[in-house]
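Shown below: final-v7.cif, with mmCIF, C-alpha atoms (C1' of nucleotides); chains and numbers go by the auth columns.
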data_query
#
loop_
_atom_site.group_PDB
_atom_site.id
_atom_site.type_symbol
_atom_site.label_atom_id
_atom_site.label_comp_id
_atom_site.label_asym_id
_atom_site.label_seq_id
_atom_site.Cartn_x
_atom_site.Cartn_y
_atom_site.Cartn_z
_atom_site.B_iso_or_equiv
_atom_site.auth_seq_id
_atom_site.auth_asym_id
ATOM 1 C CA MET A 1 155.109 169.212 1.262 0.00 1 A
ATOM 2 C CA PRO A 2 157.910 170.934 -0.658 0.00 2 A
ATOM 3 C CA LYS A 3 158.981 169.050 -3.694 0.00 3 A
ATOM 4 C CA LEU A 4 162.518 167.795 -3.870 0.00 4 A
ATOM 5 C CA LYS A 5 164.432 169.451 -6.610 0.00 5 A
ATOM 6 C CA THR A 6 166.592 167.279 -8.722 0.00 6 A
ATOM 7 C CA ILE A 7 170.046 167.865 -7.440 0.00 7 A
ATOM 8 C CA ASN A 8 173.152 167.004 -9.361 0.00 8 A
ATOM 9 C CA SER A 9 175.583 167.514 -6.565 0.00 9 A
ATOM 10 C CA GLU A 10 175.846 164.835 -3.936 0.00 10 A
ATOM 11 C CA VAL A 11 177.775 167.245 -1.807 0.00 11 A
ATOM 12 C CA LEU A 12 174.847 169.582 -1.735 0.00 12 A
ATOM 13 C CA LEU A 13 172.504 166.717 -0.970 0.00 13 A
ATOM 14 C CA ASN A 14 174.609 165.561 1.935 0.00 14 A
ATOM 15 C CA LYS A 15 174.702 169.090 3.235 0.00 15 A
ATOM 16 C CA GLN A 16 170.964 169.403 3.000 0.00 16 A
ATOM 17 C CA LEU A 17 170.484 166.059 4.711 0.00 17 A
ATOM 18 C CA LYS A 18 172.008 167.550 7.819 0.00 18 A
ATOM 19 C CA ASP A 19 169.318 170.163 7.962 0.00 19 A
ATOM 20 C CA THR A 20 166.623 168.651 10.156 0.00 20 A
ATOM 21 C CA GLU A 21 163.689 170.211 8.380 0.00 21 A
ATOM 22 C CA PHE A 22 164.924 169.079 5.018 0.00 22 A
ATOM 23 C CA ARG A 23 165.719 165.708 6.491 0.00 23 A
ATOM 24 C CA LYS A 24 162.162 165.156 7.614 0.00 24 A
ATOM 25 C CA GLU A 25 160.794 165.836 4.180 0.00 25 A
ATOM 26 C CA TYR A 26 163.453 163.730 2.559 0.00 26 A
ATOM 27 C CA ASP A 27 162.838 160.770 4.838 0.00 27 A
ATOM 28 C CA ALA A 28 159.109 160.930 4.271 0.00 28 A
ATOM 29 C CA LEU A 29 159.506 160.987 0.500 0.00 29 A
ATOM 30 C CA ALA A 30 162.123 158.268 0.561 0.00 30 A
ATOM 31 C CA GLU A 31 159.807 156.134 2.617 0.00 31 A
ATOM 32 C CA GLU A 32 157.013 156.541 0.078 0.00 32 A
ATOM 33 C CA TYR A 33 159.153 155.634 -2.869 0.00 33 A
ATOM 34 C CA GLU A 34 160.622 152.777 -0.921 0.00 34 A
ATOM 35 C CA LEU A 35 157.157 151.503 -0.225 0.00 35 A
ATOM 36 C CA ALA A 36 156.103 151.703 -3.860 0.00 36 A
ATOM 37 C CA GLY A 37 159.296 150.009 -4.947 0.00 37 A
ATOM 38 C CA GLU A 38 158.853 147.279 -2.391 0.00 38 A
ATOM 39 C CA ILE A 39 155.398 146.492 -3.718 0.00 39 A
ATOM 40 C CA ILE A 40 156.636 146.418 -7.283 0.00 40 A
ATOM 41 C CA ARG A 41 159.380 144.015 -6.264 0.00 41 A
ATOM 42 C CA LEU A 42 156.978 141.746 -4.442 0.00 42 A
ATOM 43 C CA ARG A 43 154.554 141.700 -7.336 0.00 43 A
ATOM 44 C CA LYS A 44 157.196 140.877 -9.928 0.00 44 A
ATOM 45 C CA LYS A 45 158.714 138.284 -7.661 0.00 45 A
ATOM 46 C CA SER A 46 155.306 136.634 -7.679 0.00 46 A
ATOM 47 C CA GLY A 47 155.226 136.855 -11.449 0.00 47 A
ATOM 48 C CA LEU A 48 152.043 138.875 -11.438 0.00 48 A
ATOM 49 C CA THR A 49 150.869 141.671 -13.667 0.00 49 A
ATOM 50 C CA GLN A 50 149.106 144.669 -12.168 0.00 50 A
ATOM 51 C CA ARG A 51 145.852 143.264 -13.474 0.00 51 A
ATOM 52 C CA GLN A 52 146.436 139.887 -11.868 0.00 52 A
ATOM 53 C CA LEU A 53 147.413 141.380 -8.551 0.00 53 A
ATOM 54 C CA ALA A 54 144.369 143.617 -8.684 0.00 54 A
ATOM 55 C CA GLU A 55 142.175 140.593 -9.251 0.00 55 A
ATOM 56 C CA LEU A 56 143.751 138.730 -6.335 0.00 56 A
ATOM 57 C CA ALA A 57 143.472 141.719 -4.032 0.00 57 A
ATOM 58 C CA GLY A 58 139.948 142.561 -5.064 0.00 58 A
ATOM 59 C CA THR A 59 140.783 145.920 -6.538 0.00 59 A
ATOM 60 C CA SER A 60 141.438 147.395 -9.968 0.00 60 A
ATOM 61 C CA GLN A 61 144.511 147.664 -12.145 0.00 61 A
ATOM 62 C CA PRO A 62 144.487 151.473 -12.018 0.00 62 A
ATOM 63 C CA SER A 63 144.488 151.328 -8.222 0.00 63 A
ATOM 64 C CA ILE A 64 147.603 149.190 -8.320 0.00 64 A
ATOM 65 C CA ALA A 65 149.187 151.579 -10.785 0.00 65 A
ATOM 66 C CA ARG A 66 148.387 154.471 -8.477 0.00 66 A
ATOM 67 C CA LEU A 67 149.894 152.658 -5.550 0.00 67 A
ATOM 68 C CA GLU A 68 153.079 151.783 -7.418 0.00 68 A
ATOM 69 C CA SER A 69 153.458 155.268 -8.812 0.00 69 A
ATOM 70 C CA GLY A 70 153.654 156.658 -5.307 0.00 70 A
ATOM 71 C CA GLU A 71 151.060 159.188 -6.399 0.00 71 A
ATOM 72 C CA TYR A 72 149.131 158.929 -3.174 0.00 72 A
ATOM 73 C CA THR A 73 151.101 159.493 -0.041 0.00 73 A
ATOM 74 C CA ASN A 74 148.086 159.108 2.149 0.00 74 A
ATOM 75 C CA LEU A 75 147.347 155.455 1.604 0.00 75 A
ATOM 76 C CA THR A 76 145.233 153.700 4.176 0.00 76 A
ATOM 77 C CA LEU A 77 146.576 150.777 6.110 0.00 77 A
ATOM 78 C CA SER A 78 143.582 148.694 5.089 0.00 78 A
ATOM 79 C CA PHE A 79 144.464 149.155 1.443 0.00 79 A
ATOM 80 C CA LEU A 80 148.052 148.148 2.115 0.00 80 A
ATOM 81 C CA ARG A 81 146.817 145.092 4.002 0.00 81 A
ATOM 82 C CA LYS A 82 144.577 144.122 1.132 0.00 82 A
ATOM 83 C CA ILE A 83 147.476 144.261 -1.302 0.00 83 A
ATOM 84 C CA GLY A 84 149.760 142.525 1.159 0.00 84 A
ATOM 85 C CA ARG A 85 147.332 139.677 1.642 0.00 85 A
ATOM 86 C CA ALA A 86 147.320 139.017 -2.093 0.00 86 A
ATOM 87 C CA LEU A 87 151.114 138.970 -2.055 0.00 87 A
ATOM 88 C CA GLY A 88 151.398 136.770 1.006 0.00 88 A
ATOM 89 C CA VAL A 89 152.833 139.474 3.249 0.00 89 A
ATOM 90 C CA ILE A 90 151.657 141.667 6.062 0.00 90 A
ATOM 91 C CA PRO A 91 152.545 145.342 6.351 0.00 91 A
ATOM 92 C CA GLU A 92 154.079 146.285 9.662 0.00 92 A
ATOM 93 C CA ILE A 93 154.582 149.784 10.948 0.00 93 A
ATOM 94 C CA HIS A 94 157.513 150.738 13.069 0.00 94 A
ATOM 95 C CA PHE A 95 158.551 154.130 14.337 0.00 95 A
ATOM 96 C CA ARG A 96 162.102 155.149 13.755 0.00 96 A
ATOM 97 C CA LYS A 97 163.661 157.911 15.794 0.00 97 A
ATOM 98 C CA LEU A 98 164.532 160.905 13.727 0.00 98 A
ATOM 99 C CA GLY A 99 168.254 161.216 13.197 0.00 99 A
ATOM 100 C CA ASN A 100 169.854 163.567 15.638 0.00 100 A
ATOM 101 C CA VAL A 101 172.451 165.834 14.058 0.00 101 A
ATOM 102 C CA HIS A 102 174.738 165.397 17.026 0.00 102 A
ATOM 103 C CA ASN A 103 175.210 161.636 16.810 0.00 103 A
ATOM 104 C CA MET B 1 138.156 128.349 38.429 0.00 1 B
ATOM 105 C CA PRO B 2 139.718 131.209 36.493 0.00 2 B
ATOM 106 C CA LYS B 3 143.152 129.648 36.179 0.00 3 B
ATOM 107 C CA LEU B 4 141.926 126.594 34.333 0.00 4 B
ATOM 108 C CA LYS B 5 139.872 128.762 32.088 0.00 5 B
ATOM 109 C CA THR B 6 142.907 130.800 31.133 0.00 6 B
ATOM 110 C CA ILE B 7 144.837 127.680 30.257 0.00 7 B
ATOM 111 C CA ASN B 8 142.071 126.363 28.092 0.00 8 B
ATOM 112 C CA SER B 9 141.835 129.695 26.357 0.00 9 B
ATOM 113 C CA GLU B 10 145.491 129.586 25.544 0.00 10 B
ATOM 114 C CA VAL B 11 145.202 126.090 24.159 0.00 11 B
ATOM 115 C CA LEU B 12 142.294 127.156 22.033 0.00 12 B
ATOM 116 C CA LEU B 13 144.145 130.243 20.863 0.00 13 B
ATOM 117 C CA ASN B 14 147.174 128.234 19.826 0.00 14 B
ATOM 118 C CA LYS B 15 144.934 125.875 17.954 0.00 15 B
ATOM 119 C CA GLN B 16 143.197 128.702 16.179 0.00 16 B
ATOM 120 C CA LEU B 17 146.468 130.373 15.318 0.00 17 B
ATOM 121 C CA LYS B 18 147.275 127.397 13.135 0.00 18 B
ATOM 122 C CA ASP B 19 144.253 128.081 11.011 0.00 19 B
ATOM 123 C CA THR B 20 145.467 130.365 8.263 0.00 20 B
ATOM 124 C CA GLU B 21 142.275 132.334 7.889 0.00 21 B
ATOM 125 C CA PHE B 22 142.086 133.019 11.585 0.00 22 B
ATOM 126 C CA ARG B 23 145.765 133.793 11.568 0.00 23 B
ATOM 127 C CA LYS B 24 145.389 136.540 9.021 0.00 24 B
ATOM 128 C CA GLU B 25 142.718 138.229 11.053 0.00 25 B
ATOM 129 C CA TYR B 26 144.682 137.794 14.233 0.00 26 B
ATOM 130 C CA ASP B 27 147.865 139.229 12.749 0.00 27 B
ATOM 131 C CA ALA B 28 146.037 142.212 11.371 0.00 28 B
ATOM 132 C CA LEU B 29 144.389 142.945 14.699 0.00 29 B
ATOM 133 C CA ALA B 30 147.596 142.388 16.625 0.00 30 B
ATOM 134 C CA GLU B 31 149.340 144.812 14.330 0.00 31 B
ATOM 135 C CA GLU B 32 146.706 147.455 14.941 0.00 32 B
ATOM 136 C CA TYR B 33 146.809 147.142 18.688 0.00 33 B
ATOM 137 C CA GLU B 34 150.561 147.070 18.558 0.00 34 B
ATOM 138 C CA LEU B 35 150.510 150.299 16.624 0.00 35 B
ATOM 139 C CA ALA B 36 148.125 151.971 19.042 0.00 36 B
ATOM 140 C CA GLY B 37 150.182 150.764 21.984 0.00 37 B
ATOM 141 C CA GLU B 38 153.371 152.018 20.401 0.00 38 B
ATOM 142 C CA ILE B 39 151.920 155.476 20.000 0.00 39 B
ATOM 143 C CA ILE B 40 150.685 155.519 23.579 0.00 40 B
ATOM 144 C CA ARG B 41 154.149 154.512 24.759 0.00 41 B
ATOM 145 C CA LEU B 42 155.822 157.190 22.692 0.00 42 B
ATOM 146 C CA ARG B 43 153.442 159.859 23.909 0.00 43 B
ATOM 147 C CA LYS B 44 153.839 158.965 27.555 0.00 44 B
ATOM 148 C CA LYS B 45 157.587 158.708 27.163 0.00 45 B
ATOM 149 C CA SER B 46 157.468 162.300 25.968 0.00 46 B
ATOM 150 C CA GLY B 47 155.394 163.226 28.990 0.00 47 B
ATOM 151 C CA LEU B 48 152.565 164.511 26.846 0.00 48 B
ATOM 152 C CA THR B 49 148.821 164.389 27.341 0.00 49 B
ATOM 153 C CA GLN B 50 146.571 163.630 24.397 0.00 50 B
ATOM 154 C CA ARG B 51 145.682 167.298 24.245 0.00 51 B
ATOM 155 C CA GLN B 52 149.312 168.373 24.170 0.00 52 B
ATOM 156 C CA LEU B 53 150.214 165.873 21.479 0.00 53 B
ATOM 157 C CA ALA B 54 147.204 166.949 19.484 0.00 54 B
ATOM 158 C CA GLU B 55 148.368 170.550 19.695 0.00 55 B
ATOM 159 C CA LEU B 56 151.877 169.635 18.580 0.00 56 B
ATOM 160 C CA ALA B 57 150.610 167.513 15.709 0.00 57 B
ATOM 161 C CA GLY B 58 148.014 170.014 14.600 0.00 58 B
ATOM 162 C CA THR B 59 145.043 167.828 15.306 0.00 59 B
ATOM 163 C CA SER B 60 142.493 167.395 18.075 0.00 60 B
ATOM 164 C CA GLN B 61 142.458 165.440 21.300 0.00 61 B
ATOM 165 C CA PRO B 62 139.582 163.229 20.125 0.00 62 B
ATOM 166 C CA SER B 63 141.573 162.299 17.037 0.00 63 B
ATOM 167 C CA ILE B 64 144.428 161.162 19.233 0.00 64 B
ATOM 168 C CA ALA B 65 142.001 159.210 21.396 0.00 65 B
ATOM 169 C CA ARG B 66 140.603 157.529 18.297 0.00 66 B
ATOM 170 C CA LEU B 67 144.062 156.651 17.116 0.00 67 B
ATOM 171 C CA GLU B 68 145.091 155.208 20.461 0.00 68 B
ATOM 172 C CA SER B 69 141.864 153.274 20.841 0.00 69 B
ATOM 173 C CA GLY B 70 142.586 151.394 17.640 0.00 70 B
ATOM 174 C CA GLU B 71 139.069 152.234 16.575 0.00 71 B
ATOM 175 C CA TYR B 72 140.043 152.984 13.030 0.00 72 B
ATOM 176 C CA THR B 73 141.972 150.300 11.239 0.00 73 B
ATOM 177 C CA ASN B 74 142.186 152.255 8.041 0.00 74 B
ATOM 178 C CA LEU B 75 144.420 155.065 9.168 0.00 75 B
ATOM 179 C CA THR B 76 146.215 157.020 6.500 0.00 76 B
ATOM 180 C CA LEU B 77 149.971 157.147 6.381 0.00 77 B
ATOM 181 C CA SER B 78 149.847 160.931 6.316 0.00 78 B
ATOM 182 C CA PHE B 79 148.044 160.956 9.626 0.00 79 B
ATOM 183 C CA LEU B 80 150.596 158.611 11.132 0.00 80 B
ATOM 184 C CA ARG B 81 153.382 160.821 9.805 0.00 81 B
ATOM 185 C CA LYS B 82 151.776 163.867 11.322 0.00 82 B
ATOM 186 C CA ILE B 83 151.638 162.214 14.729 0.00 83 B
ATOM 187 C CA GLY B 84 155.117 160.798 14.303 0.00 84 B
ATOM 188 C CA ARG B 85 156.572 164.203 13.486 0.00 85 B
ATOM 189 C CA ALA B 86 155.204 165.578 16.747 0.00 86 B
ATOM 190 C CA LEU B 87 156.797 162.681 18.606 0.00 87 B
ATOM 191 C CA GLY B 88 160.120 162.899 16.824 0.00 88 B
ATOM 192 C CA VAL B 89 159.747 159.639 14.951 0.00 89 B
ATOM 193 C CA ILE B 90 158.998 158.505 11.436 0.00 90 B
ATOM 194 C CA PRO B 91 156.675 155.619 10.621 0.00 91 B
ATOM 195 C CA GLU B 92 158.195 153.001 8.389 0.00 92 B
ATOM 196 C CA ILE B 93 156.342 150.231 6.627 0.00 93 B
ATOM 197 C CA HIS B 94 157.855 146.831 6.052 0.00 94 B
ATOM 198 C CA PHE B 95 156.291 143.725 4.620 0.00 95 B
ATOM 199 C CA ARG B 96 156.630 140.557 6.592 0.00 96 B
ATOM 200 C CA LYS B 97 156.215 137.195 4.921 0.00 97 B
ATOM 201 C CA LEU B 98 153.091 135.500 6.070 0.00 98 B
ATOM 202 C CA GLY B 99 152.583 132.114 7.655 0.00 99 B
ATOM 203 C CA ASN B 100 156.030 130.604 7.837 0.00 100 B
ATOM 204 C CA VAL B 101 157.282 130.007 11.371 0.00 101 B
ATOM 205 C CA HIS B 102 160.878 129.917 10.256 0.00 102 B
ATOM 206 C CA ASN B 103 161.545 133.560 9.703 0.00 103 B
ATOM 207 C "C1'" DT C 1 134.208 162.478 48.458 0.00 1 C
ATOM 208 C "C1'" DT C 2 134.881 166.078 45.298 0.00 2 C
ATOM 209 C "C1'" DA C 3 136.851 169.100 41.853 0.00 3 C
ATOM 210 C "C1'" DG C 4 139.624 169.252 37.978 0.00 4 C
ATOM 211 C "C1'" DA C 5 142.247 167.066 34.572 0.00 5 C
ATOM 212 C "C1'" DA C 6 142.599 163.465 31.213 0.00 6 C
ATOM 213 C "C1'" DT C 7 140.546 160.429 28.207 0.00 7 C
ATOM 214 C "C1'" DA C 8 136.663 158.377 25.645 0.00 8 C
ATOM 215 C "C1'" DT C 9 132.460 158.752 22.913 0.00 9 C
ATOM 216 C "C1'" DA C 10 129.025 160.946 19.755 0.00 10 C
ATOM 217 C "C1'" DC C 11 127.788 163.556 15.812 0.00 11 C
ATOM 218 C "C1'" DC C 12 128.109 165.802 11.422 0.00 12 C
ATOM 219 C "C1'" DA C 13 130.616 168.312 7.886 0.00 13 C
ATOM 220 C "C1'" DA C 14 134.726 168.300 5.005 0.00 14 C
ATOM 221 C "C1'" DT C 15 138.516 166.274 2.846 0.00 15 C
ATOM 222 C "C1'" DT C 16 140.671 162.453 0.691 0.00 16 C
ATOM 223 C "C1'" DT C 17 141.235 157.971 -0.636 0.00 17 C
ATOM 224 C "C1'" DT C 18 139.271 154.229 -3.165 0.00 18 C
ATOM 225 C "C1'" DG C 19 136.119 152.174 -6.703 0.00 19 C
ATOM 226 C "C1'" DA C 20 134.976 151.873 -11.321 0.00 20 C
ATOM 227 C "C1'" DT C 21 135.257 152.705 -16.074 0.00 21 C
ATOM 228 C "C1'" DA C 22 137.265 154.448 -20.113 0.00 22 C
ATOM 229 C "C1'" DT C 23 141.184 155.637 -22.600 0.00 23 C
ATOM 230 C "C1'" DA C 24 145.938 156.832 -23.537 0.00 24 C
ATOM 231 C "C1'" DT C 25 150.697 155.562 -23.440 0.00 25 C
ATOM 232 C "C1'" DT C 26 154.409 152.398 -23.095 0.00 26 C
ATOM 233 C "C1'" DT C 27 156.374 147.965 -23.423 0.00 27 C
ATOM 234 C "C1'" DT C 28 157.004 143.425 -25.347 0.00 28 C
ATOM 235 C "C1'" DG C 29 157.220 139.813 -28.657 0.00 29 C
ATOM 236 C "C1'" DT C 30 156.888 138.409 -33.471 0.00 30 C
ATOM 237 C "C1'" DA D 1 156.628 147.924 -37.992 0.00 1 D
ATOM 238 C "C1'" DC D 2 152.686 145.743 -36.034 0.00 2 D
ATOM 239 C "C1'" DA D 3 149.664 143.808 -32.707 0.00 3 D
ATOM 240 C "C1'" DA D 4 148.766 142.633 -28.195 0.00 4 D
ATOM 241 C "C1'" DA D 5 149.708 143.041 -23.550 0.00 5 D
ATOM 242 C "C1'" DA D 6 150.948 145.852 -19.723 0.00 6 D
ATOM 243 C "C1'" DT D 7 150.994 150.054 -17.483 0.00 7 D
ATOM 244 C "C1'" DA D 8 149.746 154.940 -16.795 0.00 8 D
ATOM 245 C "C1'" DT D 9 146.426 158.700 -16.761 0.00 9 D
ATOM 246 C "C1'" DA D 10 141.794 160.910 -16.443 0.00 10 D
ATOM 247 C "C1'" DT D 11 137.278 161.465 -14.500 0.00 11 D
ATOM 248 C "C1'" DC D 12 133.552 161.119 -11.341 0.00 12 D
ATOM 249 C "C1'" DA D 13 130.914 158.733 -7.803 0.00 13 D
ATOM 250 C "C1'" DA D 14 131.150 156.267 -3.411 0.00 14 D
ATOM 251 C "C1'" DA D 15 133.110 155.244 0.914 0.00 15 D
ATOM 252 C "C1'" DA D 16 136.003 156.143 4.727 0.00 16 D
ATOM 253 C "C1'" DT D 17 138.970 158.891 7.412 0.00 17 D
ATOM 254 C "C1'" DT D 18 139.749 163.236 9.526 0.00 18 D
ATOM 255 C "C1'" DG D 19 138.358 167.864 11.417 0.00 19 D
ATOM 256 C "C1'" DG D 20 135.852 170.130 14.751 0.00 20 D
ATOM 257 C "C1'" DT D 21 132.802 170.704 18.545 0.00 21 D
ATOM 258 C "C1'" DA D 22 130.271 169.128 22.351 0.00 22 D
ATOM 259 C "C1'" DT D 23 129.693 166.038 25.955 0.00 23 D
ATOM 260 C "C1'" DA D 24 130.271 161.931 28.742 0.00 24 D
ATOM 261 C "C1'" DT D 25 133.174 158.954 31.341 0.00 25 D
ATOM 262 C "C1'" DT D 26 137.294 157.803 33.864 0.00 26 D
ATOM 263 C "C1'" DC D 27 141.248 158.930 36.492 0.00 27 D
ATOM 264 C "C1'" DT D 28 143.876 161.554 39.979 0.00 28 D
ATOM 265 C "C1'" DA D 29 145.054 164.352 43.650 0.00 29 D
ATOM 266 C "C1'" DA D 30 143.672 167.102 47.666 0.00 30 D
#
What do you get writing this file as structure tokens?
Amino acid sequence: MPKLKTINSEVLLNKQLKDTEFRKEYDALAEEYELAGEIIRLRKKSGLTQRQLAELAGTSQPSIARLESGEYTNLTLSFLRKIGRALGVIPEIHFRKLGNVHN
Amino acid sequence: MPKLKTINSEVLLNKQLKDTEFRKEYDALAEEYELAGEIIRLRKKSGLTQRQLAELAGTSQPSIARLESGEYTNLTLSFLRKIGRALGVIPEIHFRKLGNVHN
DNA sequence: TTAGAATATACCAATTTTGATATATTTTGT
DNA sequence: ACAAAATATATCAAAATTGGTATATTCTAA
């Protein structure tokens, strides 16, 4: 998975987003960061520290840190469910059609 | 009398669905089967056999069969992305609040 | 019914996440 | 600035998925 370079120009980014290959990578990365951010939001909304959430979920603080860092892109659904259960939510997977350039 | 039996089963199911513990398990399972079903639908919509999808995704027919059977509940997101890419879709994860009927 | 395709199951090795612990770094409050 | 809490990083073992191959079962059309 090619790493996204930090790009200063939004124009360039928008241009690249129209390239389907680039778009796929971008969407995948965005999804991961979104996921990590969502978990952080949920945890803070619950007023929990990583350690507390770990305790509730039956895992360790470093595992939560790893999850929130987005370090692992290959998380298992069971792990996500475990965390979700501790936060009172259930992860759902939906498939979104890849954006067609022509519409 | 099969009809009566079905009705009783539904009554029992509704009763059980009110039990939170049971509910969690049920939701998790439903989600998994939903996911497997979704993939089957997408594959057939594309007119692909398991072998063809496997080829496109860079995996094997048995792996697709496993995925569609819902055998493994602990799928990795990377695997789902791989399959999704071959089907022209991207898997997205959202967290749904648990338990409350009113959302 | 029968042959061939499609799908499901079985098995084991390989890869990767997760578990677990220790420790470092950053943040927060006083 | 200091101390304590919170978070991030590192390392290695354990557990689970995935890869790959072979084979069995089911489905489909002639």
Please expand the PyMOL selection byres ((chain C) within 12 of (chain B)) into the concrete residues it hits in this file, giving the result as an MDAnalysis selection string. chainID C and resid 5:10 16:18
Export of prior selection with C-alpha atoms (C1' of nucleotides) as a PDB file, in the coordinates of the input:
ATOM      1  C1'  DA C   5     142.247 167.066  34.572  1.00  0.00           C
ATOM      2  C1'  DA C   6     142.599 163.465  31.213  1.00  0.00           C
ATOM      3  C1'  DT C   7     140.546 160.429  28.207  1.00  0.00           C
ATOM      4  C1'  DA C   8     136.663 158.377  25.645  1.00  0.00           C
ATOM      5  C1'  DT C   9     132.460 158.752  22.913  1.00  0.00           C
ATOM      6  C1'  DA C  10     129.025 160.946  19.755  1.00  0.00           C
ATOM      7  C1'  DT C  16     140.671 162.453   0.691  1.00  0.00           C
ATOM      8  C1'  DT C  17     141.235 157.971  -0.636  1.00  0.00           C
ATOM      9  C1'  DT C  18     139.271 154.229  -3.165  1.00  0.00           C
TER      10       DT C  18
END
Residue list for chain D near chain B as a ChimeraX atom specification, 9 Å, only C-alpha atoms (C1' of nucleotides): /D:16-20
Please find the residues of chain B near chain A - the criterion being any atom within 8 Å, counting all atoms listed in the file - and write them as a PyMOL selection string. chain B and resi 28+31+35+73-79+81+84+88-98
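What the PyMOL selection byres ((chain C and resi 22-27) around 10) matches in the given file is DA20, DT21, DT28 and DG29 of chain C; DA5, DA6, DT7, DA8, DT9, DA10 and DT11 of chain D.
Interatomic distance, CA of Leu48 (chain B) to CA of Glu68 (chain B): 13.5 Å.
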Given the point (130.9, 154.7, -5.0) in the coordinates of this file, which residues lie within 10 Å, counting all atoms listed in the file, and how would they look as a PyMOL selection string? (chain C and resi 18-20) or (chain D and resi 12-15)
Mind checking which residues fall within 12 Å of DT2 (chain C), counting all atoms listed in the file, ignoring those fewer than 5 positions away in the same chain, and posting them as a list of chain:residue names? D:DT28, D:DA29, D:DA30
Separation of CA of Ile83 (chain B) and C1' of DC11 (chain C), in Å?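 According to the coordinates, CA of Ile83 (chain B) and C1' of DC11 (chain C) are separated by 23.9 Å.
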Length of the C1' of DC12 (chain C) to C1' of DT25 (chain D) vector [Å]: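 We find that C1' of DC12 (chain C) and C1' of DT25 (chain D) lie 21.7 Å from each other.
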